[in-house]
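Undergrad: What follows is protein_7.cif, mmCIF, C-alpha atoms and all ligand atoms.
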data_work
#
loop_
_atom_site.label_atom_id
_atom_site.label_comp_id
_atom_site.auth_asym_id
_atom_site.auth_seq_id
_atom_site.Cartn_x
_atom_site.Cartn_y
_atom_site.Cartn_z
CA PHE E 1 -221.94 -150.62 -168.54
CA VAL E 2 -218.39 -150.90 -167.17
CA TRP E 3 -217.07 -148.84 -170.08
CA PHE E 4 -219.73 -146.21 -169.37
CA SER E 5 -218.84 -145.78 -165.69
CA VAL E 6 -215.10 -145.64 -166.40
CA THR E 7 -215.74 -142.88 -168.94
CA ILE E 8 -217.80 -140.89 -166.45
CA CYS E 9 -215.09 -141.24 -163.84
CA PHE E 10 -212.28 -140.01 -166.08
CA SER E 11 -214.32 -137.29 -167.66
CA GLN E 12 -214.25 -135.59 -164.26
CA ILE E 13 -210.47 -135.38 -164.24
CA ASN E 14 -208.89 -132.47 -166.04
CA PHE E 15 -205.61 -132.83 -167.92
CA ASP E 16 -206.03 -129.72 -170.04
CA GLU E 17 -204.16 -126.58 -169.00
CA ASN E 18 -206.81 -124.44 -170.71
CA GLN E 19 -209.47 -125.87 -168.41
CA VAL E 20 -207.66 -124.91 -165.20
CA PRO E 21 -210.08 -122.60 -163.40
CA ASP E 22 -209.19 -119.07 -162.30
CA TYR E 23 -208.26 -119.13 -158.67
CA ILE E 24 -207.02 -116.82 -155.95
CA LEU E 25 -204.54 -118.27 -153.50
CA PRO E 26 -204.80 -117.35 -149.82
CA GLU E 27 -202.22 -114.68 -148.98
CA ILE E 28 -199.21 -116.40 -147.53
CA LEU E 29 -198.04 -113.32 -145.60
CA LEU E 30 -201.41 -112.09 -144.30
CA THR E 31 -202.30 -113.25 -140.79
CA GLN E 32 -205.78 -114.37 -139.80
CA ASN E 33 -206.22 -110.93 -138.18
CA GLY E 34 -205.35 -109.26 -141.45
CA LYS E 35 -201.86 -108.18 -140.39
CA LYS E 36 -199.21 -108.15 -143.11
CA ILE E 37 -196.06 -110.07 -142.16
CA GLU E 38 -192.98 -108.01 -142.92
CA THR E 39 -190.06 -109.71 -141.22
CA SER E 40 -188.74 -113.23 -140.88
CA SER E 41 -189.21 -113.09 -137.11
CA GLN E 42 -192.89 -112.12 -137.51
CA TRP E 43 -193.21 -114.99 -139.94
CA ASP E 44 -191.64 -117.42 -137.51
CA SER E 45 -193.55 -116.31 -134.43
CA ILE E 46 -196.98 -115.46 -135.89
CA ARG E 47 -197.76 -116.69 -139.38
CA ARG E 48 -195.80 -119.94 -139.45
CA PRO E 49 -197.57 -121.35 -136.34
CA GLU E 50 -200.93 -120.21 -137.75
CA ILE E 51 -200.35 -122.01 -141.04
CA LEU E 52 -198.99 -125.11 -139.30
CA ASP E 53 -202.18 -125.30 -137.24
CA MET E 54 -204.34 -124.85 -140.32
CA PHE E 55 -202.61 -127.79 -142.01
CA LYS E 56 -203.06 -129.89 -138.86
CA ASN E 57 -206.73 -128.96 -138.56
CA HIS E 58 -207.76 -129.19 -142.20
CA VAL E 59 -205.35 -131.48 -144.04
CA TYR E 60 -202.83 -133.73 -142.33
CA GLY E 61 -204.13 -134.04 -138.76
CA ASP E 62 -201.78 -134.87 -135.95
CA VAL E 63 -200.51 -137.76 -133.85
CA CYS E 64 -201.50 -137.56 -130.19
CA ASP E 65 -198.46 -139.22 -128.66
CA ASP E 66 -198.88 -138.47 -124.95
CA ASP E 67 -199.11 -142.19 -124.15
CA ILE E 68 -196.21 -143.35 -126.33
CA LYS E 69 -192.66 -144.00 -125.19
CA ILE E 70 -189.94 -144.53 -127.76
CA LYS E 71 -187.00 -146.89 -127.39
CA PHE E 72 -184.18 -147.41 -129.87
CA GLU E 73 -182.49 -150.78 -130.07
CA THR E 74 -179.57 -151.32 -132.44
CA THR E 75 -180.08 -154.89 -133.57
CA ASP E 76 -177.35 -155.12 -136.20
CA VAL E 77 -174.14 -153.30 -137.13
CA ASP E 78 -171.95 -154.41 -140.01
CA ASP E 79 -168.79 -152.37 -140.57
CA TYR E 80 -168.09 -154.16 -143.88
CA ALA E 81 -171.44 -153.86 -145.63
CA LEU E 82 -171.64 -153.47 -149.41
CA CYS E 83 -168.19 -155.01 -149.86
CA GLY E 84 -166.64 -152.69 -147.30
CA LYS E 85 -168.07 -149.47 -148.75
CA ALA E 86 -170.55 -148.86 -145.97
CA ILE E 87 -171.51 -149.39 -142.38
CA ARG E 88 -174.97 -150.92 -142.17
CA LYS E 89 -177.06 -150.55 -139.05
CA ASN E 90 -180.50 -151.77 -138.22
CA VAL E 91 -182.20 -149.82 -135.47
CA ALA E 92 -185.48 -151.14 -134.13
CA ILE E 93 -187.66 -148.21 -133.12
CA HIS E 94 -190.06 -149.46 -130.46
CA PHE E 95 -193.23 -147.45 -129.90
CA ILE E 96 -194.51 -148.48 -126.49
CA ASN E 97 -197.76 -147.91 -124.67
CA GLY E 98 -197.86 -150.11 -121.58
CA THR E 99 -197.83 -153.67 -122.85
CA ASP E 100 -198.70 -152.69 -126.43
CA THR E 101 -195.75 -152.15 -128.73
CA LEU E 102 -195.11 -151.49 -132.38
CA THR E 103 -191.68 -151.93 -133.89
CA ALA E 104 -190.37 -150.33 -137.07
CA ASN E 105 -186.93 -151.08 -138.46
CA LEU E 106 -184.76 -148.14 -139.43
CA LEU E 107 -182.20 -149.37 -141.97
CA ILE E 108 -179.12 -147.18 -142.27
CA TYR E 109 -176.11 -147.23 -144.62
CA ILE E 110 -173.30 -144.78 -143.84
CA PRO E 111 -170.14 -144.39 -145.94
CA SER E 112 -167.29 -146.29 -144.22
CA LYS E 113 -165.04 -143.37 -144.93
CA HIS E 114 -166.41 -139.99 -144.07
CA PRO E 115 -163.29 -137.89 -143.67
CA ASP E 116 -165.24 -134.65 -143.21
CA GLY E 117 -166.72 -135.92 -139.93
CA PRO E 118 -170.12 -137.52 -139.35
CA ALA E 119 -171.93 -138.23 -142.61
CA PRO E 120 -174.86 -136.26 -144.04
CA LEU E 121 -177.76 -138.58 -144.73
CA PHE E 122 -180.89 -138.98 -146.87
CA LEU E 123 -183.93 -140.30 -145.03
CA GLY E 124 -187.02 -141.57 -146.83
CA MET E 125 -189.73 -144.18 -146.45
CA ASN E 126 -190.19 -147.11 -148.80
CA PHE E 127 -193.31 -148.78 -150.20
CA PHE E 128 -192.67 -152.53 -150.01
CA GLY E 129 -190.24 -153.22 -147.15
CA ASN E 130 -186.63 -152.30 -146.37
CA HIS E 131 -185.38 -155.46 -148.05
CA THR E 132 -186.81 -154.31 -151.39
CA ILE E 133 -184.39 -151.37 -151.66
CA HIS E 134 -181.26 -153.55 -152.02
CA TYR E 135 -180.25 -157.20 -152.54
CA ASP E 136 -178.19 -157.12 -149.30
CA LEU E 137 -179.19 -160.45 -147.71
CA SER E 138 -178.83 -159.06 -144.20
CA ILE E 139 -181.77 -156.69 -144.42
CA PRO E 140 -184.58 -158.12 -142.30
CA ILE E 141 -187.94 -158.75 -143.98
CA SER E 142 -190.80 -156.95 -142.28
CA ASP E 143 -193.75 -158.94 -140.88
CA SER E 144 -196.06 -155.99 -141.43
CA TYR E 145 -198.86 -155.87 -143.98
CA VAL E 146 -197.59 -155.23 -147.54
CA ARG E 147 -199.71 -154.31 -150.54
CA ASN E 148 -199.81 -157.22 -152.98
CA ASN E 149 -197.72 -156.82 -156.11
CA PRO E 150 -197.35 -159.95 -158.24
CA GLY E 151 -194.64 -158.22 -160.32
CA PHE E 152 -192.58 -157.95 -157.13
CA ASN E 153 -193.45 -161.47 -155.93
CA ILE E 154 -195.59 -160.09 -153.15
CA PHE E 155 -198.72 -162.15 -152.49
CA ASN E 156 -200.98 -162.58 -149.45
CA ASN E 157 -199.85 -159.18 -148.15
CA LYS E 158 -196.56 -160.61 -146.92
CA GLY E 159 -192.98 -159.57 -147.60
CA THR E 160 -190.99 -162.38 -149.21
CA GLU E 161 -187.38 -163.39 -149.84
CA GLU E 162 -188.24 -163.22 -153.58
CA SER E 163 -189.01 -159.51 -153.29
CA ARG E 164 -185.51 -158.64 -152.06
CA GLY E 165 -184.03 -155.82 -154.14
CA VAL E 166 -187.07 -155.38 -156.42
CA ARG E 167 -187.04 -151.63 -155.85
CA GLU E 168 -183.29 -151.12 -156.16
CA SER E 169 -183.64 -148.89 -159.23
CA ARG E 170 -185.20 -146.25 -156.97
CA TRP E 171 -182.49 -146.63 -154.32
CA PRO E 172 -178.98 -146.27 -155.81
CA VAL E 173 -177.40 -146.99 -152.43
CA GLU E 174 -173.80 -147.51 -153.67
CA ARG E 175 -173.87 -144.30 -155.70
CA ILE E 176 -175.20 -142.31 -152.73
CA ILE E 177 -172.47 -143.80 -150.51
CA ASP E 178 -169.81 -143.00 -153.14
CA ARG E 179 -170.98 -139.40 -153.14
CA GLY E 180 -170.33 -139.24 -149.39
CA TYR E 181 -173.89 -139.52 -148.10
CA GLY E 182 -175.62 -142.01 -145.87
CA ILE E 183 -179.08 -143.29 -146.66
CA ALA E 184 -181.72 -144.51 -144.25
CA THR E 185 -185.20 -145.88 -144.71
CA ILE E 186 -188.25 -147.15 -142.85
CA TYR E 187 -190.96 -149.31 -144.39
CA TYR E 188 -194.10 -147.17 -144.11
CA GLY E 189 -196.28 -150.23 -143.46
CA ASP E 190 -194.34 -150.83 -140.22
CA ILE E 191 -195.92 -147.59 -138.97
CA ASP E 192 -199.39 -147.69 -140.47
CA PRO E 193 -200.65 -150.21 -143.03
CA ASP E 194 -201.73 -148.36 -146.14
CA PHE E 195 -205.41 -149.22 -146.23
CA ASP E 196 -208.49 -147.77 -144.63
CA ASP E 197 -208.91 -149.80 -141.45
CA GLY E 198 -210.43 -147.10 -139.24
CA PHE E 199 -206.99 -146.65 -137.63
CA LYS E 200 -207.29 -149.97 -135.81
CA ASN E 201 -203.79 -151.12 -136.74
CA GLY E 202 -200.38 -149.55 -136.72
CA LEU E 203 -199.36 -146.57 -134.64
CA TYR E 204 -202.92 -145.45 -133.91
CA LYS E 205 -203.58 -148.65 -132.02
CA LEU E 206 -201.21 -147.28 -129.38
CA THR E 207 -202.70 -143.79 -129.32
CA ALA E 208 -206.34 -144.86 -128.90
CA ASN E 209 -206.75 -143.31 -125.47
CA CYS E 210 -205.13 -140.03 -126.28
CA ALA E 211 -206.71 -139.79 -129.74
CA SER E 212 -210.19 -140.45 -128.31
CA LYS E 213 -210.25 -136.74 -127.39
CA ASN E 214 -209.85 -135.86 -131.03
CA PRO E 215 -210.23 -138.96 -133.21
CA ASP E 216 -210.85 -136.96 -136.38
CA LYS E 217 -207.28 -135.67 -136.30
CA ARG E 218 -205.88 -139.10 -137.16
CA SER E 219 -204.34 -139.61 -140.59
CA SER E 220 -201.85 -142.04 -142.05
CA ILE E 221 -199.73 -139.24 -143.50
CA SER E 222 -199.24 -137.71 -140.06
CA ALA E 223 -198.33 -141.13 -138.60
CA TRP E 224 -195.74 -141.74 -141.33
CA ALA E 225 -194.28 -138.23 -140.90
CA TYR E 226 -194.21 -138.72 -137.12
CA ALA E 227 -192.02 -141.81 -137.64
CA LEU E 228 -189.56 -139.81 -139.75
CA SER E 229 -189.17 -137.40 -136.83
CA ARG E 230 -188.50 -140.32 -134.49
CA ALA E 231 -185.77 -141.48 -136.90
CA MET E 232 -184.39 -137.95 -136.59
CA ASP E 233 -184.41 -138.39 -132.79
CA TYR E 234 -182.28 -141.49 -133.30
CA PHE E 235 -179.81 -139.68 -135.60
CA GLU E 236 -179.24 -137.19 -132.80
CA THR E 237 -177.81 -140.05 -130.75
CA ASP E 238 -175.52 -141.54 -133.43
CA ASP E 239 -172.03 -140.06 -133.74
CA ASP E 240 -171.55 -141.48 -137.25
CA ILE E 241 -174.35 -139.27 -138.56
CA ASN E 242 -174.38 -135.51 -139.01
CA GLN E 243 -177.66 -134.58 -137.38
CA SER E 244 -177.54 -131.08 -138.86
CA GLN E 245 -177.37 -132.48 -142.41
CA ILE E 246 -180.37 -134.79 -142.66
CA ILE E 247 -182.24 -134.61 -145.96
CA VAL E 248 -185.80 -135.90 -145.83
CA PHE E 249 -187.11 -137.11 -149.18
CA GLY E 250 -189.94 -139.15 -150.61
CA HIS E 251 -191.63 -140.21 -153.80
CA SER E 252 -195.31 -139.84 -154.55
CA ARG E 253 -197.47 -140.45 -151.45
CA LEU E 254 -194.22 -140.70 -149.53
CA GLY E 255 -193.23 -137.34 -151.06
CA LYS E 256 -196.35 -135.89 -149.42
CA VAL E 257 -195.08 -137.45 -146.19
CA ALA E 258 -191.59 -135.95 -146.64
CA LEU E 259 -193.03 -132.49 -147.20
CA TRP E 260 -195.23 -132.73 -144.13
CA ALA E 261 -192.37 -134.11 -142.00
CA GLY E 262 -190.11 -131.30 -143.24
CA ALA E 263 -192.80 -128.71 -142.58
CA VAL E 264 -193.41 -129.84 -139.00
CA ASP E 265 -189.86 -130.65 -137.97
CA LYS E 266 -187.31 -127.91 -138.50
CA ARG E 267 -184.44 -130.29 -137.77
CA PHE E 268 -184.63 -131.60 -141.35
CA ALA E 269 -182.01 -129.55 -143.18
CA ILE E 270 -183.27 -130.14 -146.74
CA VAL E 271 -186.65 -131.37 -147.95
CA ILE E 272 -187.16 -133.17 -151.27
CA SER E 273 -190.46 -133.98 -152.90
CA ASN E 274 -190.39 -136.34 -155.88
CA ASP E 275 -193.65 -136.43 -157.88
CA SER E 276 -195.71 -135.81 -154.73
CA GLY E 277 -198.77 -134.40 -156.53
CA CYS E 278 -202.14 -133.70 -154.91
CA GLY E 279 -201.90 -133.17 -151.15
CA GLY E 280 -198.13 -132.79 -151.66
CA ALA E 281 -196.47 -130.08 -153.71
CA ALA E 282 -199.30 -129.53 -156.23
CA LEU E 283 -201.66 -126.59 -155.74
CA SER E 284 -205.13 -127.94 -154.92
CA ARG E 285 -206.99 -125.02 -156.51
CA ARG E 286 -205.71 -125.88 -160.00
CA LYS E 287 -207.80 -129.08 -159.99
CA PHE E 288 -205.46 -130.49 -162.63
CA GLY E 289 -205.02 -134.27 -162.54
CA GLU E 290 -205.87 -135.72 -159.14
CA THR E 291 -208.24 -133.54 -157.12
CA VAL E 292 -208.99 -133.24 -153.41
CA LYS E 293 -212.22 -135.19 -153.89
CA GLN E 294 -210.53 -137.90 -155.90
CA ILE E 295 -207.73 -138.42 -153.37
CA ASN E 296 -210.07 -138.38 -150.38
CA GLU E 297 -212.33 -140.95 -152.00
CA SER E 298 -209.52 -143.28 -153.06
CA PHE E 299 -207.45 -142.94 -149.88
CA PRO E 300 -209.76 -141.84 -147.04
CA HIS E 301 -207.14 -142.64 -144.40
CA TRP E 302 -204.31 -140.47 -145.77
CA PHE E 303 -205.68 -137.13 -144.59
CA CYS E 304 -207.70 -136.07 -141.54
CA LYS E 305 -211.49 -136.08 -141.65
CA ALA E 306 -211.80 -132.31 -142.12
CA PHE E 307 -210.00 -132.46 -145.50
CA LYS E 308 -213.10 -134.16 -146.91
CA ASP E 309 -215.06 -130.94 -146.33
CA PHE E 310 -213.11 -129.52 -149.26
CA ASN E 311 -214.09 -132.16 -151.83
CA ASP E 312 -215.08 -130.08 -154.88
CA LYS E 313 -214.64 -126.99 -152.68
CA GLU E 314 -210.95 -126.24 -153.09
CA ASP E 315 -211.65 -122.51 -153.19
CA SER E 316 -212.89 -122.56 -149.62
CA LEU E 317 -209.64 -124.05 -148.26
CA PRO E 318 -208.02 -121.47 -145.96
CA LEU E 319 -204.65 -122.60 -147.35
CA ASP E 320 -203.05 -124.11 -150.41
CA GLN E 321 -199.91 -126.15 -150.91
CA HIS E 322 -197.60 -123.15 -151.53
CA MET E 323 -198.07 -122.54 -147.79
CA LEU E 324 -196.76 -126.04 -147.07
CA ILE E 325 -193.55 -125.10 -148.89
CA GLY E 326 -193.57 -121.81 -146.95
CA LEU E 327 -193.43 -123.82 -143.71
CA ILE E 328 -190.12 -125.28 -144.86
CA ALA E 329 -188.57 -121.83 -145.46
CA PRO E 330 -185.84 -120.74 -145.21
CA ARG E 331 -184.45 -124.28 -145.46
CA PRO E 332 -183.57 -125.63 -148.91
CA VAL E 333 -186.40 -127.40 -150.68
CA TYR E 334 -186.34 -129.30 -153.98
CA VAL E 335 -189.47 -130.29 -155.86
CA ALA E 336 -189.30 -132.61 -158.86
CA SER E 337 -191.90 -133.59 -161.43
CA ALA E 338 -192.03 -135.95 -164.38
CA GLU E 339 -193.30 -134.93 -167.80
CA ASN E 340 -195.73 -137.83 -168.20
CA ASP E 341 -196.93 -137.67 -164.60
CA LYS E 342 -199.88 -135.43 -165.38
CA TRP E 343 -201.86 -137.00 -162.55
CA ALA E 344 -199.49 -135.22 -160.13
CA ASP E 345 -199.81 -131.87 -161.97
CA PRO E 346 -196.20 -130.85 -162.71
CA LYS E 347 -197.11 -127.21 -163.20
CA GLY E 348 -199.01 -127.12 -159.91
CA GLU E 349 -195.96 -128.66 -158.21
CA TYR E 350 -193.72 -125.93 -159.65
CA LEU E 351 -196.17 -123.15 -158.78
CA SER E 352 -196.24 -124.09 -155.10
CA LEU E 353 -192.54 -123.33 -154.99
CA PHE E 354 -193.04 -120.16 -156.98
CA TYR E 355 -195.81 -118.87 -154.71
CA SER E 356 -193.90 -119.73 -151.53
CA GLY E 357 -191.34 -117.14 -152.72
CA PRO E 358 -192.51 -114.28 -150.45
CA VAL E 359 -191.53 -116.32 -147.38
CA TYR E 360 -188.04 -117.12 -148.70
CA ARG E 361 -187.60 -113.46 -149.64
CA LEU E 362 -188.26 -112.45 -146.01
CA TYR E 363 -185.01 -114.28 -145.30
CA GLY E 364 -183.18 -112.39 -148.04
CA LEU E 365 -183.14 -115.39 -150.36
CA GLN E 366 -183.66 -115.29 -154.09
CA THR E 367 -186.65 -117.15 -155.50
CA PHE E 368 -187.99 -118.33 -158.85
CA GLU E 369 -188.91 -115.45 -161.12
CA GLN E 370 -191.13 -117.04 -163.75
CA ASP E 371 -194.53 -118.61 -163.24
CA SER E 372 -194.13 -120.94 -166.22
CA LEU E 373 -192.54 -124.38 -166.08
CA PRO E 374 -188.81 -124.62 -166.78
CA LEU E 375 -187.69 -126.67 -169.79
CA ILE E 376 -187.74 -130.45 -169.57
CA ASN E 377 -184.56 -131.92 -168.02
CA LYS E 378 -183.18 -128.46 -167.20
CA PRO E 379 -182.94 -128.20 -163.42
CA LEU E 380 -183.51 -124.75 -161.97
CA TRP E 381 -181.87 -123.60 -158.74
CA ILE E 382 -182.16 -120.22 -157.13
CA GLY E 383 -181.38 -119.43 -153.52
CA ASN E 384 -182.72 -122.33 -151.48
CA MET E 385 -185.17 -123.58 -154.12
CA GLY E 386 -184.61 -126.33 -156.64
CA TYR E 387 -186.95 -127.76 -159.26
CA HIS E 388 -186.82 -129.96 -162.31
CA ILE E 389 -189.26 -131.61 -164.64
CA ARG E 390 -187.68 -134.72 -166.07
CA SER E 391 -188.81 -136.57 -169.17
CA GLY E 392 -190.52 -139.88 -168.46
CA ASP E 393 -192.96 -141.35 -166.00
CA HIS E 394 -193.98 -141.23 -162.37
CA ASP E 395 -190.84 -142.69 -160.77
CA ILE E 396 -187.64 -141.79 -158.96
CA THR E 397 -184.71 -142.26 -161.29
CA ARG E 398 -180.95 -141.80 -161.44
CA PHE E 399 -181.56 -138.41 -163.07
CA ASP E 400 -183.57 -137.34 -160.03
CA TRP E 401 -180.97 -138.68 -157.60
CA GLU E 402 -178.04 -136.94 -159.27
CA ARG E 403 -179.89 -133.63 -158.97
CA TYR E 404 -180.66 -134.21 -155.29
CA LEU E 405 -177.03 -135.11 -154.57
CA ASP E 406 -175.79 -131.99 -156.40
CA PHE E 407 -178.33 -129.83 -154.56
CA ALA E 408 -177.23 -131.23 -151.19
CA ASP E 409 -173.53 -130.84 -152.10
CA ASN E 410 -174.22 -127.23 -152.91
CA HIS E 411 -175.98 -126.51 -149.63
CA PHE E 412 -173.56 -128.42 -147.48
CA ASN E 413 -170.58 -126.81 -149.25
CA LYS E 414 -169.32 -130.16 -150.39
CA ILE E 415 -168.28 -128.93 -153.83
CA LYS E 416 -164.50 -129.00 -153.82
C1 LIG I 1 -201.89 -142.69 -156.44
C2 LIG I 1 -202.41 -141.46 -155.76
C3 LIG I 1 -201.34 -140.36 -155.66
C4 LIG I 1 -200.06 -140.93 -155.06
C5 LIG I 1 -199.65 -142.16 -155.83
C6 LIG I 1 -198.46 -142.91 -155.26
O1 LIG I 1 -201.67 -142.41 -157.80
O2 LIG I 1 -203.55 -141.02 -156.45
O3 LIG I 1 -201.81 -139.29 -154.87
O4 LIG I 1 -199.06 -139.95 -155.02
O5 LIG I 1 -200.70 -143.10 -155.84
O6 LIG I 1 -198.17 -142.83 -154.09
O7 LIG I 1 -197.85 -143.68 -156.03
#
Could you take the file, read its structure, and then write that structure out as structure tokens?

TA:
Amino acid sequence: FVWFSVTICFSQINFDENQVPDYILPEILLTQNGKKIETSSQWDSIRRPEILDMFKNHVYGDVCDDDIKIKFETTDVDDYALCGKAIRKNVAIHFINGTDTLTANLLIYIPSKHPDGPAPLFLGMNFFGNHTIHYDLSIPISDSYVRNNPGFNIFNNKGTEESRGVRESRWPVERIIDRGYGIATIYYGDIDPDFDDGFKNGLYKLTANCASKNPDKRSSISAWAYALSRAMDYFETDDDINQSQIIVFGHSRLGKVALWAGAVDKRFAIVISNDSGCGGAALSRRKFGETVKQINESFPHWFCKAFKDFNDKEDSLPLDQHMLIGLIAPRPVYVASAENDKWADPKGEYLSLFYSGPVYRLYGLQTFEQDSLPLINKPLWIGNMGYHIRSGDHDITRFDWERYLDFADNHFNKIK
């Protein structure tokens, strides 16, 4: 019986390119009134706000933050971190509503020497706690709910000393510092625990009053992205950090978050999506790998309620994910896929970039010319777009990082 139900479940998922249905994407440059957008200023004043609203209403929702005050408290500075290579800071971001507070720790490493002025910096969320990204004993362990992972010594939904550094392969901190970049992270569970709790915990606890006007707009992805923007607010106050060179990045579900944060908040200078898949860079209408229905059923809290209306009805979405990339234009965007990560639909991830081209072209930028995937391990850059499909699995590896560092160097004119 178990075998039977598993078979049924997987038989609904398509991993065959020949079975991808025909689809017509909504016109990225056609307004809701049927007006064709012809200039970048029309895009910025008419179509971009329209598309942003559509994503808020149908996909990612929004955080109603009228009742929240934010306070930054620097709780730790070490000028000799990582054997003198880096300055480490820990900034507690307090989200306050009256007597209710929520605190998330923003962990920051900045190169000790940044001769070109304040350092550019990568910002991304992590899955299992800040202390899992590096063995540095000074990184505080979060008290927030953590998903169990026996392989990482995480039991009873609690961060542990034994899980310090378990995710270091995804966070080559020293290498990033050596390349002249800072790196900062927030544990996503500090903002909203990643399970369906009816938004009783995390940030939404503090927004209850405000959100009661529109409770269906709540989603974990919008809460996580909101926190990345608050980290950006902090960077604007820190003279060691170049606030005009912040790169927001994320892997997998946190890649979806990075894309949404980058779409909403134009202060992010570069946006990077690593294996973000369905609800991230991948086109929903291709229904290849994970589908809208599948993701909504497995993770009901990630997206707003209205996204469920499109389960098995991708063709009736008034948008698709190429329009999410369009919201980032004309800023540089890099999307990466992994060959074995069929669940995330590598081709659909590439095509979102391809079909966002008309927006980048309004800004006089060159865009990808072919609608077929580039070769494996051959990064493709044109104008402000970057893409690669790497061999291997769903992961963020040194290969990925080296490409992101090169891409950032190129855009920040750091190539000497
Ligand atoms: C699941 C989910 C994906 C997500 C991934 C991750 O596989 O279906 O949408 O990207 O988890 O975050 O690791």

Undergrad: Counting all atoms listed in the file, what are the residues of region 9-81 of chain E within 12 Å of region 244-264 of chain E, and for each of them which pair of atoms is the nearest and at what distance in Å, to one decimal? Sort the table by chain and rising number, as a Markdown table.

TA:
| residue | atom | partner | partner_atom | distance |
| --- | --- | --- | --- | --- |
| E:Arg48 | CA | E:Ala263 | CA | 9.8 |
| E:Pro49 | CA | E:Val264 | CA | 9.8 |
| E:Ile51 | CA | E:Ala263 | CA | 10.2 |
| E:Leu52 | CA | E:Val264 | CA | 7.3 |
| E:Asp53 | CA | E:Val264 | CA | 10.0 |
| E:Phe55 | CA | E:Trp260 | CA | 9.1 |
| E:Lys56 | CA | E:Val264 | CA | 9.7 |
| E:Val59 | CA | E:Trp260 | CA | 10.2 |
| E:Tyr60 | CA | E:Trp260 | CA | 7.9 |
| E:Gly61 | CA | E:Trp260 | CA | 10.5 |
| E:Asp62 | CA | E:Val264 | CA | 10.2 |
| E:Val63 | CA | E:Val264 | CA | 11.8 |

Undergrad: Find the residue from E:Lys85, E:His388, E:Lys293, E:His131 that sits nearest to ligand LIG 1 (chain I); use all atoms listed in the file when measuring.

TA: E:Lys293

Undergrad: Using only C-alpha atoms and all ligand atoms, find each residue with an atom at most 8 Å away from ligand LIG 1 (chain I) and format the answer as a PyMOL selection string.

TA: chain E and resi 251-256+275-280+290+294-295+298-299+343-344+394

Undergrad: Could you list, as a list in words, every residue within 9 Å of region 376-378 of chain E, counting all atoms listed in the file and ignoring same-chain residues fewer than 3 positions away?

TA: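 The contact residues come out as Ala338, Glu339, Leu373, Tyr387, His388, Ile389, Arg390, Ser391 and Phe399 of chain E.
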
Undergrad: Would you mind listing what lies within 8 Å of Thr75 (chain E) as a list in words, with only C-alpha atoms counted and same-chain residues fewer than 2 positions away left out?

TA: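 Everything that qualifies: Glu73, Val77, Lys89, Asn90, Val91 and Ala92 of chain E.
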
Undergrad: Using all atoms listed in the file, which protein or nucleic acid residues come within 12 Å of Leu106 (chain E)? Drop anything in the same chain fewer than 3 positions from it, and give the result as number ranges by chain.

TA: E: 72-76, 88-94, 103, 109, 123-126, 129-131, 139-142, 183-188, 190-191, 227-235

Undergrad: Interatomic distance between CA of Asn274 (chain E) and CA of Asp395 (chain E)?

TA: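 Interatomic distance, CA of Asn274 (chain E) to CA of Asp395 (chain E): 8.0 Å.
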
Undergrad: For Pro358 (chain E), list every protein, DNA or RNA residue within 12 Å, evaluated using all atoms listed in the file, and leave out those in the same chain fewer than 6 positions away; present the list as JSON, numbers by chain.

TA: {"E": [27, 28, 29, 30, 36, 37, 38, 39, 40, 43, 322, 323, 325, 326, 327, 329, 330, 352, 364, 365, 366, 367, 368, 369]}

Undergrad: My list of candidates is E:Asp216, E:Ser112, E:Thr237, E:Ile70. Which is closest to Gly84 (chain E) when distances are computed with only C-alpha atoms?

TA: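 That would be E:Ser112, the residue with the smallest distance to Gly84 (chain E).
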
Undergrad: Report as a VMD selection string all protein, DNA and RNA residues lying within 12 Å of Leu206 (chain E), evaluated on all atoms listed in the file, omitting residues in the same chain fewer than 4 positions from it.

TA: chain E and resid 63 to 70 94 to 103 191 to 192 199 to 202 210 to 212 223

Undergrad: Of the residues E:Ser144, E:Ser41, E:Gln321, E:Ser163, which is the one nearest to Leu283 (chain E), using all atoms listed in the file?

TA: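 Smallest distance to Leu283 (chain E) is found for E:Gln321.
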
Undergrad: Any idea what the distance is between CA of Ile108 (chain E) and CA of Asp239 (chain E)?

TA: 13.2 Å

Undergrad: How many Å lie between CA of Glu17 (chain E) and CA of Ala336 (chain E), rounded to one decimal?

TA: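 Those two atoms sit 19.0 Å apart.
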
Undergrad: Which of these, E:Phe152, E:Phe15, E:Trp171, E:Tyr145, has the shortest distance to Asn340 (chain E) once you count only C-alpha atoms?

TA: E:Phe15

Undergrad: Which one is closest to Asp309 (chain E): E:Glu297, E:Pro115, E:Ala281, E:Gly182? Count all atoms listed in the file.

TA: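 When distances to Asp309 (chain E) are compared using all atoms listed in the file, the smallest one comes from E:Glu297.
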
Undergrad: What are the nearest atom pairs, with distances in Å to one decimal, for all residues of region 92-202 of chain E that come at most 10 Å from region 405-413 of chain E, using all atoms listed in the file, set out by chain and rising residue number as CSV?

TA:
residue,atom,partner,partner_atom,distance
E:Pro120,CA,E:Phe412,CA,8.7
E:Leu121,CA,E:Ala408,CA,9.8
E:Phe122,CA,E:Leu405,CA,9.4
E:Arg175,CA,E:Leu405,CA,9.8
E:Ile176,CA,E:Leu405,CA,7.7
E:Arg179,CA,E:Leu405,CA,7.6
E:Gly180,CA,E:Asp409,CA,9.4
E:Tyr181,CA,E:Leu405,CA,8.4

Undergrad: May I have the selected residues written with C-alpha atoms, as a compact mmCIF listing (two decimals), keeping the file's coordinate frame?

TA:
# COMPACT_ATOMS: atom_id res chain seq x y z
CA PRO E 120 -174.86 -136.26 -144.04
CA LEU E 121 -177.76 -138.58 -144.73
CA PHE E 122 -180.89 -138.98 -146.87
CA ARG E 175 -173.87 -144.30 -155.70
CA ILE E 176 -175.20 -142.31 -152.73
CA ARG E 179 -170.98 -139.40 -153.14
CA GLY E 180 -170.33 -139.24 -149.39
CA TYR E 181 -173.89 -139.52 -148.10
